[in-house]
Each structure stands twice: as structure tokens, then as C-alpha cells.
>>> print(open('query36.csv').read())   # CSV, C-alpha atoms and all ligand atoms
chain,number,residue,atom,x,y,z
A,25,MET,CA,0.0,0.0,0.0
A,26,THR,CA,1.4,3.3,-1.0
A,27,ARG,CA,0.9,6.3,1.1
A,28,ARG,CA,-0.2,9.3,-0.7
A,29,ARG,CA,0.4,12.6,0.7
A,30,THR,CA,-1.7,15.5,-0.3
A,31,ILE,CA,-0.3,18.9,0.3
A,32,VAL,CA,-2.9,21.6,0.5
A,33,ARG,CA,-1.4,25.0,0.1
A,34,VAL,CA,-3.5,27.9,1.2
A,35,GLU,CA,-2.4,31.1,-0.2
A,36,SER,CA,-3.9,34.3,1.1
A,37,VAL,CA,-3.6,37.5,-0.7
A,38,ARG,CA,-3.1,40.4,1.6
A,39,ARG,CA,-4.6,43.5,0.3
A,40,THR,CA,-2.6,46.6,1.0
A,41,PHE,CA,-3.9,50.0,0.6
A,42,LEU,CA,-2.3,51.7,-2.3
A,43,PHE,CA,-3.0,55.0,-0.8
A,44,ASP,CA,-2.7,56.5,2.6
A,45,PRO,CA,-6.3,56.6,3.9
A,46,ARG,CA,-5.5,59.8,5.7
A,47,LEU,CA,-4.5,61.6,2.5
A,48,VAL,CA,-7.0,64.4,1.9
A,49,PRO,CA,-7.3,66.8,-1.0
A,50,CYS,CA,-6.3,70.2,0.2
A,51,ALA,CA,-7.7,72.9,-2.1
A,52,ALA,CA,-5.3,75.5,-0.7
A,53,CYS,CA,-2.2,73.4,-1.2
A,54,GLY,CA,-3.5,72.1,-4.5
A,55,HIS,CA,-2.6,68.5,-3.8
A,56,ASP,CA,-3.2,65.6,-1.5
A,57,VAL,CA,-1.9,66.2,2.0
A,58,GLN,CA,-1.9,64.2,5.2
A,59,GLY,CA,-5.0,65.0,7.2
A,60,VAL,CA,-5.1,65.2,10.9
A,61,THR,CA,-8.2,65.6,13.1
A,62,PRO,CA,-8.9,69.0,14.6
A,63,ASP,CA,-7.9,67.5,18.0
A,64,GLU,CA,-4.6,66.3,16.7
A,65,ALA,CA,-4.1,69.7,14.9
A,66,ALA,CA,-4.6,71.6,18.2
A,67,ARG,CA,-2.2,69.3,19.9
A,68,LEU,CA,0.4,69.7,17.2
A,69,LEU,CA,0.0,73.5,17.5
A,70,GLN,CA,0.2,73.2,21.2
A,71,SER,CA,-2.9,75.3,21.2
A,72,THR,CA,-6.6,75.1,21.8
A,73,GLY,CA,-9.5,74.4,19.5
A,74,ASP,CA,-10.6,78.0,19.6
A,75,ASN,CA,-7.2,79.1,18.4
A,76,LEU,CA,-7.3,76.5,15.7
A,77,ASP,CA,-10.6,77.9,14.5
A,78,ARG,CA,-9.0,81.3,14.3
A,79,PHE,CA,-6.1,80.0,12.3
A,80,ILE,CA,-8.5,78.3,9.9
A,81,ALA,CA,-10.6,81.5,9.6
A,82,SER,CA,-7.4,83.5,8.8
A,83,GLY,CA,-6.4,80.9,6.2
A,84,GLU,CA,-3.1,80.1,7.9
A,85,VAL,CA,-4.4,76.6,8.6
A,86,HIS,CA,-6.2,74.7,5.9
A,87,ALA,CA,-9.4,72.7,6.7
A,88,VAL,CA,-10.7,70.1,4.3
A,89,ASP,CA,-14.4,69.4,4.8
A,90,THR,CA,-15.8,66.0,3.9
A,91,ALA,CA,-19.2,65.0,2.6
A,92,SER,CA,-20.3,63.9,6.1
A,93,GLY,CA,-19.5,67.3,7.5
A,94,ALA,CA,-16.4,66.2,9.2
A,95,SER,CA,-13.2,68.2,8.9
A,96,TRP,CA,-9.7,67.2,8.4
A,97,ILE,CA,-6.9,69.6,9.0
A,98,CYS,CA,-4.1,69.9,6.4
A,99,ARG,CA,-1.0,68.8,8.3
A,100,ASP,CA,1.3,70.8,5.9
A,101,SER,CA,-0.4,74.0,6.9
A,102,LEU,CA,0.4,73.5,10.6
A,103,PHE,CA,4.1,74.0,10.1
A,104,ARG,CA,5.5,77.1,8.7
A,105,ARG,CA,8.2,76.7,6.1
A,106,SER,CA,11.0,79.0,5.9
A,107,SER,CA,11.4,80.1,2.3
B,201,ZN,ZN,-3.1,72.6,2.7
>>> encode(input="query36.csv", output="C-alpha cells")
Amino acid sequence: MTRRRTIVRVESVRRTFLFDPRLVPCAACGHDVQGVTPDEAARLLQSTGDNLDRFIASGEVHAVDTASGASWICRDSLFRRSS
């Protein structure tokens, strides 16, 4: 009697995101930027949400609104670049 050995190979395909799910289209920058939540933005600025609102109103900080009404903050706009 011969012993047959069956090898079952299970291959799984891991799907990886081809894009960063946190990339948001910033109209002010004109390209996709990394989005942070308003809370994270305030923390990065070491500031309060009220101050963040003021920065957004002045155009210094870019906000990206979503269809659901949520806002992302353009991370690039949080940091001043020396030109
Ligand atoms: Zn921007």
C-alpha cells in the first residue's frame, strides 16, 4: 500500500492600501496632503480648538471638509516653512 500525501497550500492575498487613507485633497495646497483631526491639529500646534478655528478662519491653517461634514486639517499648513 502506497501512502499518498496531499499537500494543500493555502495562499492568502493580503490587500494593502495603495494610498494612505489619511490623505485628503487640500484645495489651498492644490494637492493631497496628510490629514489630521482637529484635536490632533490643536495638539500639534500646542494650542486650543478656539485658536485652531482662528487659524482656519485666517487661512493660515487649511481645513478640508468631507461630505459627512467632518473636517480634516491639512498637516502641511500647521508647520511654517522658511522660504
Ligand atoms: Zn493645505
>>> residues_near_ligand(input="query36.csv", ligand="ligand ZN 201 (chain B)", cutoff="8 Å", atoms="all atoms listed in the file", output="NGL selection string")
:A and (50-55 or 57 or 85-87 or 97-101)
>>> atom_distance(input="query36.csv", atom1="atom CA of Asp63 of chain A", atom2="atom CA of Val48 of chain A")
16.4 Å
>>> atom_distance(input="query36.csv", atom1="atom CA of Gly59 of chain A", atom2="atom CA of Val37 of chain A")
28.6 Å
>>> atom_distance(input="query36.csv", atom1="atom CA of Ala91 of chain A", atom2="atom CA of Asp74 of chain A")
23.1 Å
>>> closest_residue(input="query36.csv", among="A:Arg46, A:Arg33, A:Arg27, A:Arg67", to="Val88 of chain A", atoms="only C-alpha atoms")
A:Arg46
>>> closest_residue(input="query36.csv", among="A:Arg104, A:Asp89, A:Thr26, A:Thr61", to="Gly73 of chain A", atoms="only C-alpha atoms")
A:Thr61
>>> closest_residue(input="query36.csv", among="A:Ser82, A:Leu102, A:Arg28, A:Leu47", to="Ala66 of chain A", atoms="all atoms listed in the file")
A:Leu102
>>> residues_near_point(input="query36.csv", point="(-7.3, 73.6, 16.5)", cutoff="6 Å", atoms="all atoms listed in the file", output="ChimeraX atom specification")
/A:62,65-66,72-73,75-77
